[in-house]
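What follows is a short report on a single structure.
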Amino acid sequence: KNQAKKKEPLSSSTGLGSTQRASIGSVSDPDQDGLGLLADSTAMLYPNDTRIQELARLLRSSRPSYLRVPRAVEVSDHDYERLKQEKLLLLCRRKMALQIGRGMATLCTLNSAGPMHSSSAVPAEPVQLPKLSLAGRVAPSNATLALDTSTCPSDMSVWPEFHNGVAAGL
C-alpha cells in the first residue's frame, strides 16, 4: 500500500542521455546551478539515496518560491497585497542566503561527470550564472508575484549576486 515513489533525476525531464549532456548551463541543467548534474551523478552511484536531490531542491534559488498567505475575511485587498509582499520579502531574503550553501555543495564539481565524460570546464569561457529569482507563486491561482523592490534598499541584492557568482565559479 505505502510504496515509496521512485524519484527521477532532476534532468530526466529533458529526455537527454548522458552522451548529449554538455557542461554547466546546458539543457540538462535548466537552472544552470550545477545541482542537477550533481544529483544526476550521485543518483548513478546511489540510486535509492535521495538526499542530494532534496539538497538540490532546497538550495535552488532560480525558481519562484511557493507563497502561502492565509487570507482572513476582514482583510481588505490592499492589506492582503501588502501581506503577500511582506511574506515574499521574507522568502526572498532567505533565498538570497542560499548561494553560500550551493557553493559549498557544488565545490569542485564542475567536472562532476568524471574524466571519461565530455563535460569539462574551459578556463577561458565565462561561467553561466543561475538567475536569482525574486518572485513567488501565490497558492490558489499559481500566479507569479514579483517582489516590489521600491521599499527595499537599492543595494539589497549586491552581496547575494556576488555570492551567486562565487558559487557558480566554485
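Every chain in the C-alpha cells takes a letter, A first, then B, and so on in the order presented; its residues are numbered from 1, and the ligands are numbered from 1 following the presented order.
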Just the residues within 8 Å of A:Leu170, please, counting only C-alpha atoms, with nothing from its chain fewer than 6 positions along; format it as a ChimeraX atom specification.
-> /A:103,106-110
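Near stretch 51-67 of chain A, within a cut-off of 6 Å and counting only C-alpha atoms, sit the residues Leu35, Ala39, Lys95, Leu98, Arg102, Lys131, Leu132, Ser133, Ala135, Gly136, Arg137 and Val138 of chain A, with same-chain residues fewer than 3 positions away left out.
Rounded to one decimal, atom CA of A:Ala143 and atom CA of A:Leu89 lie 16.6 Å from each other.
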For stretch 157-165 of chain A, list every protein, DNA or RNA residue within 7 Å, evaluated using only C-alpha atoms, and leave out those in the same chain fewer than 6 positions away; present the list as a PyMOL selection string.
-> chain A and resi 96-97+99-100+129
Keeping N, CA and C atoms for every residue in the selection just given, could you write it to a file as a PDB file, in the first residue's frame?
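New file part_8.pdb:
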```
ATOM      1  N   MET A  96      18.117  34.597  -0.841  1.00  0.00           N
ATOM      2  CA  MET A  96      19.374  35.255  -1.172  1.00  0.00           C
ATOM      3  C   MET A  96      20.540  34.716  -0.357  1.00  0.00           C
ATOM      4  N   ALA A  97      20.268  33.984   0.705  1.00  0.00           N
ATOM      5  CA  ALA A  97      21.337  33.386   1.513  1.00  0.00           C
ATOM      6  C   ALA A  97      21.685  31.973   1.050  1.00  0.00           C
ATOM      7  N   GLN A  99      22.968  30.937  -1.770  1.00  0.00           N
ATOM      8  CA  GLN A  99      24.108  30.793  -2.664  1.00  0.00           C
ATOM      9  C   GLN A  99      25.344  30.279  -1.942  1.00  0.00           C
ATOM     10  N   ILE A 100      25.511  30.636  -0.689  1.00  0.00           N
ATOM     11  CA  ILE A 100      26.670  30.163   0.064  1.00  0.00           C
ATOM     12  C   ILE A 100      26.587  28.651   0.248  1.00  0.00           C
ATOM     13  N   LEU A 129      25.872  31.979 -14.930  1.00  0.00           N
ATOM     14  CA  LEU A 129      25.358  32.241 -13.592  1.00  0.00           C
ATOM     15  C   LEU A 129      23.875  31.919 -13.544  1.00  0.00           C
TER      16      LEU A 129
END
```
Residues flagged helix (DSSP H, G or I) by DSSP in stretch 21-106 of chain A, as a PDB file with C-alpha atoms, in the first residue's frame:
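To be explicit, this is the file written out as states00.pdb:
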```
ATOM      1  CA  LEU A  35      22.929  20.955  -8.688  1.00  0.00           C
ATOM      2  CA  GLY A  36      21.192  18.988 -11.449  1.00  0.00           C
ATOM      3  CA  LEU A  37      24.446  17.494 -12.662  1.00  0.00           C
ATOM      4  CA  LEU A  38      25.498  16.749  -9.078  1.00  0.00           C
ATOM      5  CA  ALA A  39      22.194  14.992  -8.386  1.00  0.00           C
ATOM      6  CA  ASP A  40      22.435  13.005 -11.631  1.00  0.00           C
ATOM      7  CA  SER A  41      25.967  11.814 -10.971  1.00  0.00           C
ATOM      8  CA  THR A  42      25.221  10.754  -7.400  1.00  0.00           C
ATOM      9  CA  ALA A  43      21.980   9.070  -8.492  1.00  0.00           C
ATOM     10  CA  MET A  44      24.042   6.724 -10.645  1.00  0.00           C
ATOM     11  CA  LEU A  45      26.203   5.770  -7.663  1.00  0.00           C
ATOM     12  CA  ARG A  51      19.419  13.270  -0.093  1.00  0.00           C
ATOM     13  CA  ILE A  52      21.283  15.063  -2.893  1.00  0.00           C
ATOM     14  CA  GLN A  53      18.026  15.567  -4.811  1.00  0.00           C
ATOM     15  CA  GLU A  54      16.482  17.049  -1.673  1.00  0.00           C
ATOM     16  CA  LEU A  55      19.557  19.241  -1.215  1.00  0.00           C
ATOM     17  CA  ALA A  56      19.204  20.449  -4.800  1.00  0.00           C
ATOM     18  CA  ARG A  57      15.547  21.265  -4.219  1.00  0.00           C
ATOM     19  CA  LEU A  58      16.302  23.189  -1.027  1.00  0.00           C
ATOM     20  CA  LEU A  59      19.219  25.173  -2.473  1.00  0.00           C
ATOM     21  CA  ASP A  77      -7.485  43.642  -0.849  1.00  0.00           C
ATOM     22  CA  HIS A  78      -4.834  46.322  -0.277  1.00  0.00           C
ATOM     23  CA  ASP A  79      -3.816  44.849   3.084  1.00  0.00           C
ATOM     24  CA  TYR A  80      -3.735  41.352   1.594  1.00  0.00           C
ATOM     25  CA  GLU A  81      -1.376  42.514  -1.177  1.00  0.00           C
ATOM     26  CA  ARG A  82       0.820  44.150   1.477  1.00  0.00           C
ATOM     27  CA  LEU A  83       0.861  40.889   3.477  1.00  0.00           C
ATOM     28  CA  LYS A  84       1.855  38.957   0.359  1.00  0.00           C
ATOM     29  CA  GLN A  85       4.693  41.397  -0.336  1.00  0.00           C
ATOM     30  CA  GLU A  86       5.930  41.148   3.277  1.00  0.00           C
ATOM     31  CA  LYS A  87       5.909  37.358   3.148  1.00  0.00           C
ATOM     32  CA  LEU A  88       7.607  37.408  -0.265  1.00  0.00           C
ATOM     33  CA  LEU A  89      10.308  39.751   1.066  1.00  0.00           C
ATOM     34  CA  LEU A  90      10.968  37.305   3.913  1.00  0.00           C
ATOM     35  CA  LEU A  91      11.213  34.379   1.472  1.00  0.00           C
ATOM     36  CA  CYS A  92      13.458  36.345  -0.905  1.00  0.00           C
ATOM     37  CA  ARG A  93      15.835  37.285   1.918  1.00  0.00           C
ATOM     38  CA  ARG A  94      16.034  33.624   2.834  1.00  0.00           C
ATOM     39  CA  LYS A  95      16.576  32.699  -0.810  1.00  0.00           C
ATOM     40  CA  MET A  96      19.374  35.255  -1.172  1.00  0.00           C
ATOM     41  CA  LEU A  98      21.190  30.054  -0.338  1.00  0.00           C
ATOM     42  CA  GLN A  99      24.108  30.793  -2.664  1.00  0.00           C
ATOM     43  CA  ILE A 100      26.670  30.163   0.064  1.00  0.00           C
ATOM     44  CA  GLY A 101      25.237  26.703   0.711  1.00  0.00           C
ATOM     45  CA  ARG A 102      25.042  25.992  -3.010  1.00  0.00           C
ATOM     46  CA  GLY A 103      28.702  26.962  -3.340  1.00  0.00           C
ATOM     47  CA  MET A 104      29.614  24.513  -0.578  1.00  0.00           C
ATOM     48  CA  ALA A 105      27.529  21.741  -2.121  1.00  0.00           C
TER      49      ALA A 105
END
```
Run DSSP on the backbone of this structure and report the residues of stretch 19-154 of chain A it assigns to strand (DSSP E or B), as a VMD selection string.
-> chain A and resid 65 to 67 135 to 138 144 to 146
Saved selection, atoms kept: N, CA, C and O atoms, as a compact mmCIF listing (two decimals), in the first residue's frame:
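Writing the result to selection-v6.txt gives the following:
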```txt
# COMPACT_ATOMS: atom_id res chain seq x y z
N SER A 65 9.56 31.02 -5.40
CA SER A 65 9.17 30.33 -4.18
C SER A 65 7.66 30.15 -4.16
O SER A 65 6.91 30.90 -4.77
N TYR A 66 7.22 29.15 -3.41
CA TYR A 66 5.79 28.93 -3.24
C TYR A 66 5.34 29.77 -2.06
O TYR A 66 5.85 29.64 -0.95
N LEU A 67 4.40 30.65 -2.28
CA LEU A 67 3.97 31.65 -1.31
C LEU A 67 2.58 31.30 -0.79
O LEU A 67 1.62 31.27 -1.56
N ALA A 135 10.84 36.28 -6.97
CA ALA A 135 9.41 36.18 -7.25
C ALA A 135 8.84 35.00 -6.47
O ALA A 135 9.58 34.16 -5.97
N GLY A 136 7.55 34.97 -6.38
CA GLY A 136 6.87 33.89 -5.69
C GLY A 136 5.62 33.47 -6.43
O GLY A 136 5.06 34.25 -7.20
N ARG A 137 5.21 32.26 -6.19
CA ARG A 137 3.96 31.75 -6.77
C ARG A 137 2.90 31.74 -5.68
O ARG A 137 3.09 31.14 -4.63
N VAL A 138 1.81 32.43 -5.95
CA VAL A 138 0.72 32.55 -4.98
C VAL A 138 -0.15 31.31 -5.06
O VAL A 138 -0.48 30.84 -6.16
N THR A 144 2.44 34.21 -10.68
CA THR A 144 3.74 34.67 -10.24
C THR A 144 3.63 36.11 -9.75
O THR A 144 3.09 36.97 -10.44
N LEU A 145 4.15 36.34 -8.55
CA LEU A 145 4.14 37.66 -7.93
C LEU A 145 5.57 38.13 -7.79
O LEU A 145 6.39 37.46 -7.15
N ALA A 146 5.91 39.25 -8.41
CA ALA A 146 7.26 39.80 -8.33
C ALA A 146 7.40 40.63 -7.07
O ALA A 146 6.44 41.28 -6.62
```
